[in-house]
Structures are given as structure tokens and as C-alpha cells.
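For reference, entry38.csv (CSV, C-alpha atoms):
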```
chain,number,residue,atom,x,y,z
S,159,MET,CA,84.7,138.3,35.4
S,160,PRO,CA,85.5,136.8,38.8
S,161,ASP,CA,83.3,137.9,41.7
S,162,GLU,CA,85.3,139.3,44.6
S,163,LEU,CA,84.0,138.1,48.0
S,164,LYS,CA,84.3,139.6,51.5
S,165,THR,CA,86.3,137.7,54.1
S,166,THR,CA,85.9,138.2,57.9
S,167,THR,CA,89.3,137.1,59.3
S,168,ASP,CA,93.0,137.8,58.7
S,169,ALA,CA,93.6,134.2,57.7
S,170,VAL,CA,92.0,134.6,54.3
S,171,THR,CA,93.2,137.7,52.6
S,172,ALA,CA,91.3,137.5,49.3
S,173,ALA,CA,88.4,135.5,48.0
S,174,ARG,CA,86.8,135.3,44.6
S,175,GLN,CA,84.4,133.1,42.6
S,176,GLU,CA,85.0,132.0,39.1
S,177,GLY,CA,82.2,129.8,37.8
S,178,ASP,CA,81.8,127.0,40.3
S,179,ALA,CA,85.2,127.5,41.8
S,180,LEU,CA,85.9,129.4,45.0
S,181,ILE,CA,89.5,130.7,45.1
S,182,LEU,CA,91.0,131.8,48.5
S,183,HIS,CA,94.3,133.3,49.3
S,184,VAL,CA,95.4,132.2,52.8
S,185,ARG,CA,98.1,134.0,54.7
S,186,GLY,CA,100.2,133.3,57.8
S,187,GLU,CA,101.3,130.5,60.0
S,188,ILE,CA,98.2,128.4,60.7
S,189,ASP,CA,98.2,126.6,64.1
S,190,LEU,CA,95.7,125.9,66.9
S,191,HIS,CA,95.5,129.7,67.4
S,192,SER,CA,94.7,130.7,63.9
S,193,SER,CA,93.0,127.6,62.4
S,194,PRO,CA,89.6,128.6,63.8
S,195,ASP,CA,89.8,131.8,61.7
S,196,LEU,CA,90.6,129.8,58.6
S,197,ARG,CA,87.7,127.5,59.4
S,198,THR,CA,85.2,130.4,59.9
S,199,ASP,CA,86.0,132.0,56.5
S,200,LEU,CA,86.3,128.8,54.6
S,201,LEU,CA,83.1,127.2,55.7
S,202,SER,CA,81.0,130.4,55.5
S,203,LEU,CA,82.3,131.2,52.0
S,204,LEU,CA,81.6,127.6,50.8
S,205,GLN,CA,78.1,127.9,52.1
S,206,LYS,CA,77.6,131.4,50.6
S,207,THR,CA,78.8,130.5,47.1
S,208,SER,CA,77.7,126.9,46.8
S,209,ALA,CA,81.1,126.3,45.1
S,210,LYS,CA,82.0,122.8,44.0
S,211,LYS,CA,85.7,123.4,43.7
S,212,LEU,CA,87.8,125.0,46.4
S,213,VAL,CA,91.1,126.4,45.3
S,214,LEU,CA,93.4,127.3,48.2
S,215,ASN,CA,96.4,129.4,47.3
S,216,LEU,CA,98.9,128.7,50.1
S,217,ASN,CA,101.8,130.7,48.7
S,218,ASP,CA,101.8,132.9,51.9
S,219,VAL,CA,101.5,130.0,54.3
S,220,PRO,CA,105.0,129.1,55.4
S,221,TYR,CA,103.8,126.7,58.2
S,222,MET,CA,100.8,124.8,59.3
S,223,ASP,CA,100.1,122.2,61.9
S,224,SER,CA,97.5,119.3,62.2
S,225,SER,CA,94.7,121.7,63.3
S,226,ALA,CA,95.0,123.4,59.9
S,227,VAL,CA,95.0,120.1,58.1
S,228,ALA,CA,91.9,119.2,60.0
S,229,VAL,CA,90.2,122.3,58.6
S,230,LEU,CA,91.2,121.3,55.0
S,231,VAL,CA,89.9,117.8,55.5
S,232,GLU,CA,86.6,119.1,56.8
S,233,ALA,CA,86.2,121.3,53.8
S,234,MET,CA,87.1,118.4,51.5
S,235,GLN,CA,84.5,116.2,53.2
S,236,ARG,CA,81.8,118.8,52.7
S,237,LEU,CA,82.7,119.2,49.0
S,238,ARG,CA,83.0,115.5,48.4
S,239,LYS,CA,79.3,115.1,49.4
S,240,ILE,CA,78.3,117.2,46.4
S,241,GLY,CA,80.9,115.8,44.1
S,242,GLY,CA,83.3,118.6,44.6
S,243,LYS,CA,87.0,118.8,45.4
S,244,VAL,CA,89.8,120.8,47.1
S,245,CYS,CA,92.9,122.0,45.2
S,246,LEU,CA,95.9,123.2,47.0
S,247,THR,CA,98.3,125.5,45.1
S,248,ASN,CA,101.7,127.1,45.7
S,249,LEU,CA,102.7,124.8,48.6
S,250,GLN,CA,105.7,125.9,50.6
S,251,PRO,CA,108.2,123.2,51.7
S,252,ARG,CA,107.1,122.8,55.3
S,253,VAL,CA,103.4,122.6,54.3
S,254,LYS,CA,104.2,120.1,51.6
S,255,GLY,CA,106.2,118.1,54.1
S,256,LEU,CA,103.3,117.9,56.6
S,257,LEU,CA,100.8,116.8,53.9
S,258,GLU,CA,103.2,114.1,52.9
S,259,ILE,CA,103.7,112.9,56.5
S,260,ALA,CA,99.9,112.9,56.9
S,261,ARG,CA,99.6,111.0,53.6
S,262,LEU,CA,97.1,113.6,52.5
S,263,ASN,CA,99.1,114.8,49.5
S,264,SER,CA,97.3,112.1,47.4
S,265,ILE,CA,93.9,112.9,48.8
S,266,PHE,CA,93.9,116.6,48.0
S,267,THR,CA,94.6,117.8,44.4
S,268,VAL,CA,97.9,119.5,44.6
S,269,CYS,CA,98.7,122.0,41.8
S,270,ALA,CA,101.6,124.3,41.0
S,271,ASP,CA,99.4,127.4,40.8
S,272,GLU,CA,95.8,128.7,40.5
S,273,ALA,CA,95.7,128.4,36.7
S,274,GLU,CA,96.5,124.7,36.9
S,275,ALA,CA,93.9,124.2,39.6
S,276,LEU,CA,91.2,125.9,37.6
S,277,SER,CA,92.0,123.9,34.5
S,278,LYS,CA,91.5,120.6,36.4
C,154,MET,CA,105.8,133.4,78.1
C,155,SER,CA,109.3,133.5,79.8
C,156,GLU,CA,112.4,132.1,78.2
C,157,ARG,CA,115.7,131.2,79.7
C,158,THR,CA,118.9,129.6,78.3
C,159,ASP,CA,120.5,128.0,81.4
C,160,ASP,CA,123.7,127.1,79.6
C,161,ASP,CA,124.7,126.5,76.0
C,162,HIS,CA,122.9,123.2,76.0
C,163,LYS,CA,119.6,124.0,77.6
C,164,LEU,CA,116.5,126.1,76.9
C,165,SER,CA,113.8,126.5,79.5
C,166,LEU,CA,110.4,128.1,78.7
C,167,ALA,CA,107.3,128.7,80.8
C,168,MET,CA,104.1,129.4,79.1
C,169,THR,CA,100.3,129.2,79.5
C,170,SER,CA,97.9,127.0,77.6
C,171,ASP,CA,96.8,129.9,75.5
C,172,PRO,CA,97.0,128.8,71.8
C,173,ALA,CA,98.4,132.3,71.0
C,174,GLU,CA,101.6,131.2,72.7
C,175,ILE,CA,102.3,128.1,70.7
C,176,ALA,CA,104.0,129.9,67.8
C,177,SER,CA,106.4,131.8,70.1
C,178,ALA,CA,107.4,128.6,72.0
C,179,ARG,CA,107.9,126.7,68.7
C,180,LYS,CA,110.1,129.5,67.3
C,181,ALA,CA,112.2,129.8,70.4
C,182,LEU,CA,112.9,126.0,70.2
C,183,GLU,CA,113.7,126.2,66.5
C,184,ARG,CA,116.1,129.2,67.1
C,185,PHE,CA,117.8,127.3,69.9
C,186,ALA,CA,118.2,124.1,67.8
C,187,ALA,CA,119.3,125.9,64.7
C,188,ALA,CA,121.9,127.9,66.7
C,189,ARG,CA,123.4,124.6,67.9
C,190,GLY,CA,124.0,123.4,64.4
C,191,LEU,CA,121.1,121.0,63.9
C,192,GLU,CA,120.1,120.3,60.3
C,193,PRO,CA,117.1,122.4,59.0
C,194,GLU,CA,115.1,119.2,58.6
C,195,ASP,CA,115.7,118.2,62.2
C,196,VAL,CA,114.8,121.8,63.4
C,197,ALA,CA,111.6,121.7,61.4
C,198,GLU,CA,110.6,118.3,62.7
C,199,LEU,CA,111.4,119.2,66.3
C,200,GLY,CA,109.3,122.4,65.9
C,201,LEU,CA,106.3,120.6,64.5
C,202,ALA,CA,106.4,117.7,67.0
C,203,THR,CA,106.6,120.2,69.9
C,204,ASN,CA,103.8,122.3,68.4
C,205,GLU,CA,101.6,119.2,68.2
C,206,ALA,CA,102.5,118.2,71.7
C,207,ILE,CA,101.6,121.6,73.2
C,208,ALA,CA,98.4,121.7,71.1
C,209,ASN,CA,97.5,118.2,72.6
C,210,ILE,CA,98.1,119.5,76.1
C,211,ILE,CA,95.9,122.5,75.5
C,212,ARG,CA,93.1,120.4,73.9
C,213,HIS,CA,93.2,117.3,76.1
C,214,ALA,CA,95.1,117.9,79.4
C,215,TYR,CA,93.6,121.4,79.9
C,216,LYS,CA,90.4,120.8,77.8
C,217,GLY,CA,90.7,124.1,76.0
C,218,ARG,CA,91.4,126.2,79.2
C,219,ASP,CA,93.9,129.0,78.3
C,220,ASP,CA,95.3,129.6,81.8
C,221,GLY,CA,97.0,126.2,82.4
C,222,ARG,CA,100.7,126.1,83.1
C,223,ILE,CA,103.1,124.5,80.7
C,224,GLU,CA,106.9,124.2,81.0
C,225,LEU,CA,109.1,123.3,78.0
C,226,THR,CA,112.7,122.3,78.4
C,227,VAL,CA,115.0,121.5,75.5
C,228,GLU,CA,118.4,120.0,76.2
C,229,ILE,CA,121.2,118.8,73.9
C,230,GLU,CA,122.7,115.6,75.3
C,231,GLY,CA,125.4,114.4,72.9
C,232,GLU,CA,123.7,113.3,69.7
C,233,ASP,CA,120.2,113.6,71.3
C,234,VAL,CA,117.9,116.5,71.6
C,235,VAL,CA,115.7,115.9,74.6
C,236,VAL,CA,112.4,117.8,74.8
C,237,LEU,CA,110.5,117.8,78.1
C,238,LEU,CA,106.9,119.1,78.4
C,239,ARG,CA,105.4,119.3,81.8
C,240,ASP,CA,101.7,120.1,82.4
C,241,TRP,CA,99.4,120.2,85.4
C,242,GLY,CA,96.3,119.1,83.6
C,243,SER,CA,94.1,116.0,83.6
C,244,GLY,CA,97.0,113.5,83.6
C,245,ALA,CA,95.3,111.3,80.9
C,246,VAL,CA,97.8,109.1,79.0
C,247,PRO,CA,97.3,109.1,75.3
C,248,ASN,CA,97.1,105.7,73.6
C,249,LEU,CA,100.5,105.5,71.8
C,250,ALA,CA,99.6,102.2,70.1
C,251,ARG,CA,96.7,103.7,68.3
C,252,GLN,CA,97.3,104.0,64.6
C,253,LYS,CA,95.6,106.6,62.4
C,254,THR,CA,94.0,104.3,59.8
C,255,ASP,CA,91.3,106.6,58.3
C,256,LEU,CA,93.0,109.7,57.1
C,257,LEU,CA,89.8,111.6,56.8
C,258,GLN,CA,88.6,111.1,60.3
C,259,PRO,CA,89.5,113.9,62.7
C,260,GLY,CA,91.9,113.3,65.6
C,261,GLY,CA,95.1,111.5,66.0
C,262,LEU,CA,97.1,113.4,63.4
C,263,GLY,CA,99.1,115.4,66.0
C,264,LEU,CA,100.2,112.3,67.9
C,265,ALA,CA,101.0,110.5,64.6
C,266,CYS,CA,103.3,113.5,63.6
C,267,MET,CA,105.0,113.3,67.0
C,268,LYS,CA,105.6,109.6,66.7
C,269,LEU,CA,107.0,110.0,63.1
C,270,MET,CA,109.3,112.9,63.9
C,271,MET,CA,110.8,111.9,67.2
C,272,ASP,CA,112.8,108.8,67.9
C,273,GLN,CA,111.4,108.3,71.4
C,274,LEU,CA,108.1,109.4,73.0
C,275,GLN,CA,107.3,108.7,76.6
C,276,PHE,CA,104.4,109.9,78.7
C,277,VAL,CA,105.4,109.8,82.4
C,278,PRO,CA,102.3,110.4,84.7
C,279,GLN,CA,102.9,112.7,87.6
C,280,PRO,CA,100.9,113.0,90.8
C,281,ASP,CA,99.5,116.3,89.5
C,282,GLY,CA,99.7,116.1,85.7
C,283,MET,CA,102.0,114.7,83.0
C,284,LEU,CA,105.5,114.8,81.8
C,285,LEU,CA,106.1,114.1,78.2
C,286,LYS,CA,109.7,113.2,77.2
C,287,MET,CA,110.5,113.3,73.5
C,288,ILE,CA,114.0,112.4,72.1
C,289,LYS,CA,115.3,113.2,68.6
C,290,ARG,CA,118.6,111.9,67.5
C,291,LYS,CA,120.6,114.3,65.3
C,292,ARG,CA,120.9,113.2,61.7
```
Would you encode the structure as C-alpha cells?
Amino acid sequence: MPDELKTTTDAVTAARQEGDALILHVRGEIDLHSSPDLRTDLLSLLQKTSAKKLVLNLNDVPYMDSSAVAVLVEAMQRLRKIGGKVCLTNLQPRVKGLLEIARLNSIFTVCADEAEALSK
Amino acid sequence: MSERTDDDHKLSLAMTSDPAEIASARKALERFAAARGLEPEDVAELGLATNEAIANIIRHAYKGRDDGRIELTVEIEGEDVVVLLRDWGSGAVPNLARQKTDLLQPGGLGLACMKLMMDQLQFVPQPDGMLLKMIKRKR
């Protein structure tokens, strides 16, 4: 059974742990105003759970800018140190486009949905 | 934030350097561009490049202060969309020649996006700040 986890900001609407995976649902447009909230939740949950795999469901994120990408990169760097990884799922067109421009689509594991991310 | 459409071809916007205002400014620009028949890809690129430019002003010109003044003007000139961003901050000129080589190192992604999405980018130092001129050619 997955363990539901508490979040502290509006940027992450749901969080749960399944084995060594931390699965987060992110919501809203993430820019310089909201990316600090995403960072707060993401890093505190990573620390709390000691997860090795971070799955970010971005279905409800229609837009993000480079400050959001910086948060994702920071999370990935932390996980890489312990042999972990970040999987991004349900990417919306503008978010997908930004990751392609930043050439980060090959660095993150991009999956169609959570099931695929958890199986990798 | 105050918004004004001077004529059919020009949008003027005054805002502060509060990050909470970035989304409103971006959306006003995107609405203006979309209403003038720009392709959705152009609209999205203009929006993101302007978002990044404003974020850089907040971070670097105003060093995170949220009460700085920023003026945004968007004008359609024939096949060009001209975006002007004026600030009264530090006046430091970013290094446009700098390439982001290590993708995992922080910093530089915003400027890289602006360079990729706009056809021209020019920082014009002012006695009391900076004027950024960005031009995008309609596809």
C-alpha cells in the first residue's frame, strides 16, 4: 500500500511513497514566484522519505520557466549522488518544449504516465 | 500592474519587480500577440522569452527587491514583434556571448532561452538602468 505524505505548499497537491519511489503531483504554472514552493516541498519530502526515485506527475502543469527547471535539476543532482533518478510524467506541450530547448529531455527520464515511471 | 493598449499595434505595461506579477505580464503579452494573429508557437516563445527577461531583471538588476519599476512595451512593426523592457536597476550588462555548456550547472538557462526564442537581443545601457530590446520575426 502506498504511504500518503503531507505537503506544505500549493505547488504539490499530493505525495505518496511506493517502495523507494516518491510520487508527487505538481499543479499550476511554475515560475519565479511559485518555484520556491515547489523546491520547499520537493526537497523536504526527498529528505523525509530517503527515496531513490522521484516521480513528478506534471499533468496539471501547463507552463514552467527556467526557475522551475532549476528546481528539477537540483533534485536530480541530489538523487544522482545516491544512485537515484528523476522521472517526469504526463508532460504538457509547453513544458515538453522547454525541456527540449534546455536539452534536458535526455537527462531526465521522461515517461508517459506514473505506471511507466514506476516500472523503470 | 497597469496595462494600456495605445493603438492596435502597441501594448504598454507597468509593473513592479514582484515575482507575483510575472504571470500577469506574460499573459497580457500572449493575449495581445494572439489577438494580432501570431502563430501559437510564436506566442508561446514570446511569452517564455519575456518571462525569462523579467525574471532576470528581478534577480540581477534589482537583486531580488520586489519594489523595482519595470516597463514592458510590445509593438508590432510589420513582420516584427518588438519587445522593450526598461528597468531602473543595477545596469549590469549580461554576457550574451556566454554559452551554457554544462546543462546541470545552475544559471544561464533564462538567457539561453531568450537567445533561442528571439531573433534579436540587445541590451542598451541607460544612465539609470537598462533597456532590453528583443525582436521576433513572425513565422
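Here atom CA of Arg197 of chain S is placed at a distance of 10.7 Å from atom CA of Val231 of chain S.
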Interface residues on chain C facing chain S, 10 Å, all atoms listed in the file, written as a PyMOL selection string: chain C and resi 171-176+194+197-198+201-202+204-205+207-209+211-212+253+256-266+269-270
Got time to write the residues from that selection, C-alpha atoms, as a short mmCIF file (atom, residue, chain, number, x, y, z; two decimals), in the frame of the given file?
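The resulting again15.cif:
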```
data_model
loop_
_atom_site.label_atom_id
_atom_site.label_comp_id
_atom_site.auth_asym_id
_atom_site.auth_seq_id
_atom_site.Cartn_x
_atom_site.Cartn_y
_atom_site.Cartn_z
CA ASP C 171 96.80 129.90 75.50
CA PRO C 172 97.00 128.80 71.80
CA ALA C 173 98.40 132.30 71.00
CA GLU C 174 101.60 131.20 72.70
CA ILE C 175 102.30 128.10 70.70
CA ALA C 176 104.00 129.90 67.80
CA GLU C 194 115.10 119.20 58.60
CA ALA C 197 111.60 121.70 61.40
CA GLU C 198 110.60 118.30 62.70
CA LEU C 201 106.30 120.60 64.50
CA ALA C 202 106.40 117.70 67.00
CA ASN C 204 103.80 122.30 68.40
CA GLU C 205 101.60 119.20 68.20
CA ILE C 207 101.60 121.60 73.20
CA ALA C 208 98.40 121.70 71.10
CA ASN C 209 97.50 118.20 72.60
CA ILE C 211 95.90 122.50 75.50
CA ARG C 212 93.10 120.40 73.90
CA LYS C 253 95.60 106.60 62.40
CA LEU C 256 93.00 109.70 57.10
CA LEU C 257 89.80 111.60 56.80
CA GLN C 258 88.60 111.10 60.30
CA PRO C 259 89.50 113.90 62.70
CA GLY C 260 91.90 113.30 65.60
CA GLY C 261 95.10 111.50 66.00
CA LEU C 262 97.10 113.40 63.40
CA GLY C 263 99.10 115.40 66.00
CA LEU C 264 100.20 112.30 67.90
CA ALA C 265 101.00 110.50 64.60
CA CYS C 266 103.30 113.50 63.60
CA LEU C 269 107.00 110.00 63.10
CA MET C 270 109.30 112.90 63.90
#
```
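With all atoms listed in the file taken into account, the protein and nucleic acid residues at most 9 Å from segment 275-280 of chain C (excluding it and anything under 3 positions from it in its own chain) are Trp241, Gly244, Ala245, Val246, Pro247, Leu249, Met283, Leu284, Leu285, Lys286, Met287 and Ile288 of chain C.
Relative to atom CA of Glu183 of chain C, atom CA of Gly231 of chain C is found at 17.8 Å.
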Selection near Val268 of chain S, 8 Å with all atoms listed in the file, sequence-local residues under 2 positions removed, as a PyMOL selection string: chain S and resi 245-247+263-264+266+270+275
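Distances to His213 of chain C were evaluated for C:Arg251, C:Met271, C:Glu156, C:Gly282 using all atoms listed in the file, and the minimum falls at C:Gly282.
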Neighbours of point (99.1, 132.7, 46.0) within 7 Å, using all atoms listed in the file, written as a list in words: His183, Asn215, Leu216, Asn217, Asp218 and Asn248 of chain S
Interatomic distance, atom CA of Lys210 of chain S to atom CA of Leu276 of chain S (Å, one decimal): 11.6 Å
Long-range neighbours of Gly190 of chain C as a ChimeraX atom specification, 10 Å cut-off, all atoms listed in the file, 5 positions minimum in chain: /C:185,196,291
Residues within 6 Å of (97.4, 130.6, 55.4), file coords, only C-alpha atoms, listed as a PyMOL selection string: chain S and resi 169+184-186+188+216+219
Using the selection just defined, write its residues with C-alpha atoms as a PDB file, in the frame of the given file.
```
ATOM      1  CA  ALA S 169      93.600 134.200  57.700  1.00  0.00           C
ATOM      2  CA  VAL S 184      95.400 132.200  52.800  1.00  0.00           C
ATOM      3  CA  ARG S 185      98.100 134.000  54.700  1.00  0.00           C
ATOM      4  CA  GLY S 186     100.200 133.300  57.800  1.00  0.00           C
ATOM      5  CA  ILE S 188      98.200 128.400  60.700  1.00  0.00           C
ATOM      6  CA  LEU S 216      98.900 128.700  50.100  1.00  0.00           C
ATOM      7  CA  VAL S 219     101.500 130.000  54.300  1.00  0.00           C
TER       8      VAL S 219
END
```
7 Å contact set for segment 175-182 of chain S, only C-alpha atoms, chain neighbours under 4 positions out, as an NGL selection string: :S and (160-162 or 170 or 209-215)
Can I get the selected residues back with C-alpha atoms, as a short mmCIF file (atom, residue, chain, number, x, y, z; two decimals), in the frame of the given file?
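Okay, result_38.cif is ready:
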```cif
data_model
loop_
_atom_site.label_atom_id
_atom_site.label_comp_id
_atom_site.auth_asym_id
_atom_site.auth_seq_id
_atom_site.Cartn_x
_atom_site.Cartn_y
_atom_site.Cartn_z
CA PRO S 160 85.50 136.80 38.80
CA ASP S 161 83.30 137.90 41.70
CA GLU S 162 85.30 139.30 44.60
CA VAL S 170 92.00 134.60 54.30
CA ALA S 209 81.10 126.30 45.10
CA LYS S 210 82.00 122.80 44.00
CA LYS S 211 85.70 123.40 43.70
CA LEU S 212 87.80 125.00 46.40
CA VAL S 213 91.10 126.40 45.30
CA LEU S 214 93.40 127.30 48.20
CA ASN S 215 96.40 129.40 47.30
#
```
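Of the residues listed (S:Ala226, S:Ala173, S:Ala233, S:Cys269), S:Ala233 shows the shortest atom-to-atom separation from Leu201 of chain S; distances use only C-alpha atoms.
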Take segment 194-229 of chain S, bring it up to N, CA and C atoms, and give me the output as a PDB file, keeping the file's coordinate frame.
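Dumped everything to rebuild.pdb:
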```
ATOM      1  N   PRO S 194      91.006 128.293  63.777  1.00  0.00           N
ATOM      2  CA  PRO S 194      89.600 128.600  63.800  1.00  0.00           C
ATOM      3  C   PRO S 194      89.156 129.736  62.906  1.00  0.00           C
ATOM      4  N   ASP S 195      90.049 130.719  62.693  1.00  0.00           N
ATOM      5  CA  ASP S 195      89.800 131.800  61.700  1.00  0.00           C
ATOM      6  C   ASP S 195      89.645 131.266  60.325  1.00  0.00           C
ATOM      7  N   LEU S 196      90.598 130.415  59.974  1.00  0.00           N
ATOM      8  CA  LEU S 196      90.600 129.800  58.600  1.00  0.00           C
ATOM      9  C   LEU S 196      89.273 129.046  58.430  1.00  0.00           C
ATOM     10  N   ARG S 197      88.888 128.290  59.442  1.00  0.00           N
ATOM     11  CA  ARG S 197      87.700 127.500  59.400  1.00  0.00           C
ATOM     12  C   ARG S 197      86.432 128.367  59.168  1.00  0.00           C
ATOM     13  N   THR S 198      86.382 129.447  59.952  1.00  0.00           N
ATOM     14  CA  THR S 198      85.200 130.400  59.900  1.00  0.00           C
ATOM     15  C   THR S 198      85.053 130.886  58.451  1.00  0.00           C
ATOM     16  N   ASP S 199      86.123 131.436  57.885  1.00  0.00           N
ATOM     17  CA  ASP S 199      86.000 132.000  56.500  1.00  0.00           C
ATOM     18  C   ASP S 199      85.732 130.962  55.495  1.00  0.00           C
ATOM     19  N   LEU S 200      86.449 129.870  55.605  1.00  0.00           N
ATOM     20  CA  LEU S 200      86.300 128.800  54.600  1.00  0.00           C
ATOM     21  C   LEU S 200      84.922 128.238  54.525  1.00  0.00           C
ATOM     22  N   LEU S 201      84.400 127.881  55.677  1.00  0.00           N
ATOM     23  CA  LEU S 201      83.100 127.200  55.700  1.00  0.00           C
ATOM     24  C   LEU S 201      81.976 128.235  55.336  1.00  0.00           C
ATOM     25  N   SER S 202      82.102 129.478  55.777  1.00  0.00           N
ATOM     26  CA  SER S 202      81.000 130.400  55.500  1.00  0.00           C
ATOM     27  C   SER S 202      81.053 130.790  53.975  1.00  0.00           C
ATOM     28  N   LEU S 203      82.231 130.885  53.393  1.00  0.00           N
ATOM     29  CA  LEU S 203      82.300 131.200  52.000  1.00  0.00           C
ATOM     30  C   LEU S 203      81.812 130.010  51.116  1.00  0.00           C
ATOM     31  N   LEU S 204      82.120 128.817  51.559  1.00  0.00           N
ATOM     32  CA  LEU S 204      81.600 127.600  50.800  1.00  0.00           C
ATOM     33  C   LEU S 204      80.100 127.618  50.836  1.00  0.00           C
ATOM     34  N   GLN S 205      79.545 127.938  51.991  1.00  0.00           N
ATOM     35  CA  GLN S 205      78.100 127.900  52.100  1.00  0.00           C
ATOM     36  C   GLN S 205      77.463 129.042  51.263  1.00  0.00           C
ATOM     37  N   LYS S 206      78.083 130.211  51.313  1.00  0.00           N
ATOM     38  CA  LYS S 206      77.600 131.400  50.600  1.00  0.00           C
ATOM     39  C   LYS S 206      77.575 131.181  49.085  1.00  0.00           C
ATOM     40  N   THR S 207      78.638 130.549  48.597  1.00  0.00           N
ATOM     41  CA  THR S 207      78.800 130.500  47.100  1.00  0.00           C
ATOM     42  C   THR S 207      78.312 129.204  46.516  1.00  0.00           C
ATOM     43  N   SER S 208      78.082 128.182  47.310  1.00  0.00           N
ATOM     44  CA  SER S 208      77.700 126.900  46.800  1.00  0.00           C
ATOM     45  C   SER S 208      78.752 126.354  45.766  1.00  0.00           C
ATOM     46  N   ALA S 209      80.009 126.740  45.979  1.00  0.00           N
ATOM     47  CA  ALA S 209      81.100 126.300  45.100  1.00  0.00           C
ATOM     48  C   ALA S 209      81.257 124.797  45.120  1.00  0.00           C
ATOM     49  N   LYS S 210      81.682 124.225  43.985  1.00  0.00           N
ATOM     50  CA  LYS S 210      82.000 122.800  44.000  1.00  0.00           C
ATOM     51  C   LYS S 210      83.465 122.512  43.974  1.00  0.00           C
ATOM     52  N   LYS S 211      84.214 123.550  43.659  1.00  0.00           N
ATOM     53  CA  LYS S 211      85.700 123.400  43.700  1.00  0.00           C
ATOM     54  C   LYS S 211      86.252 124.502  44.585  1.00  0.00           C
ATOM     55  N   LEU S 212      87.100 124.083  45.517  1.00  0.00           N
ATOM     56  CA  LEU S 212      87.800 125.000  46.400  1.00  0.00           C
ATOM     57  C   LEU S 212      89.244 125.066  46.053  1.00  0.00           C
ATOM     58  N   VAL S 213      89.722 126.241  45.655  1.00  0.00           N
ATOM     59  CA  VAL S 213      91.100 126.400  45.300  1.00  0.00           C
ATOM     60  C   VAL S 213      91.782 127.228  46.456  1.00  0.00           C
ATOM     61  N   LEU S 214      92.734 126.631  47.162  1.00  0.00           N
ATOM     62  CA  LEU S 214      93.400 127.300  48.200  1.00  0.00           C
ATOM     63  C   LEU S 214      94.830 127.678  47.827  1.00  0.00           C
ATOM     64  N   ASN S 215      95.090 128.965  47.648  1.00  0.00           N
ATOM     65  CA  ASN S 215      96.400 129.400  47.300  1.00  0.00           C
ATOM     66  C   ASN S 215      97.212 129.571  48.627  1.00  0.00           C
ATOM     67  N   LEU S 216      98.200 128.688  48.836  1.00  0.00           N
ATOM     68  CA  LEU S 216      98.900 128.700  50.100  1.00  0.00           C
ATOM     69  C   LEU S 216     100.343 129.257  49.968  1.00  0.00           C
ATOM     70  N   ASN S 217     100.495 130.110  48.979  1.00  0.00           N
ATOM     71  CA  ASN S 217     101.800 130.700  48.700  1.00  0.00           C
ATOM     72  C   ASN S 217     102.335 131.467  49.968  1.00  0.00           C
ATOM     73  N   ASP S 218     101.423 132.089  50.716  1.00  0.00           N
ATOM     74  CA  ASP S 218     101.800 132.900  51.900  1.00  0.00           C
ATOM     75  C   ASP S 218     101.620 132.162  53.194  1.00  0.00           C
ATOM     76  N   VAL S 219     101.631 130.839  53.112  1.00  0.00           N
ATOM     77  CA  VAL S 219     101.500 130.000  54.300  1.00  0.00           C
ATOM     78  C   VAL S 219     102.807 129.231  54.503  1.00  0.00           C
ATOM     79  N   PRO S 220     103.738 129.768  55.292  1.00  0.00           N
ATOM     80  CA  PRO S 220     105.000 129.100  55.400  1.00  0.00           C
ATOM     81  C   PRO S 220     104.952 127.854  56.367  1.00  0.00           C
ATOM     82  N   TYR S 221     103.867 127.782  57.152  1.00  0.00           N
ATOM     83  CA  TYR S 221     103.800 126.700  58.200  1.00  0.00           C
ATOM     84  C   TYR S 221     102.363 126.424  58.519  1.00  0.00           C
ATOM     85  N   MET S 222     102.056 125.172  58.692  1.00  0.00           N
ATOM     86  CA  MET S 222     100.800 124.800  59.300  1.00  0.00           C
ATOM     87  C   MET S 222     100.914 123.542  60.104  1.00  0.00           C
ATOM     88  N   ASP S 223      99.987 123.353  61.043  1.00  0.00           N
ATOM     89  CA  ASP S 223     100.100 122.200  61.900  1.00  0.00           C
ATOM     90  C   ASP S 223      98.817 121.295  61.626  1.00  0.00           C
ATOM     91  N   SER S 224      98.617 120.285  62.469  1.00  0.00           N
ATOM     92  CA  SER S 224      97.500 119.300  62.200  1.00  0.00           C
ATOM     93  C   SER S 224      96.152 119.976  62.368  1.00  0.00           C
ATOM     94  N   SER S 225      96.054 121.066  63.142  1.00  0.00           N
ATOM     95  CA  SER S 225      94.700 121.700  63.300  1.00  0.00           C
ATOM     96  C   SER S 225      94.327 122.370  61.971  1.00  0.00           C
ATOM     97  N   ALA S 226      95.301 122.865  61.217  1.00  0.00           N
ATOM     98  CA  ALA S 226      95.000 123.400  59.900  1.00  0.00           C
ATOM     99  C   ALA S 226      94.631 122.324  58.921  1.00  0.00           C
ATOM    100  N   VAL S 227      95.360 121.222  58.996  1.00  0.00           N
ATOM    101  CA  VAL S 227      95.000 120.100  58.100  1.00  0.00           C
ATOM    102  C   VAL S 227      93.614 119.602  58.384  1.00  0.00           C
ATOM    103  N   ALA S 228      93.218 119.618  59.659  1.00  0.00           N
ATOM    104  CA  ALA S 228      91.900 119.200  60.000  1.00  0.00           C
ATOM    105  C   ALA S 228      90.802 120.082  59.338  1.00  0.00           C
ATOM    106  N   VAL S 229      91.102 121.377  59.231  1.00  0.00           N
ATOM    107  CA  VAL S 229      90.200 122.300  58.600  1.00  0.00           C
ATOM    108  C   VAL S 229      90.083 121.960  57.071  1.00  0.00           C
TER     109      VAL S 229
END
```
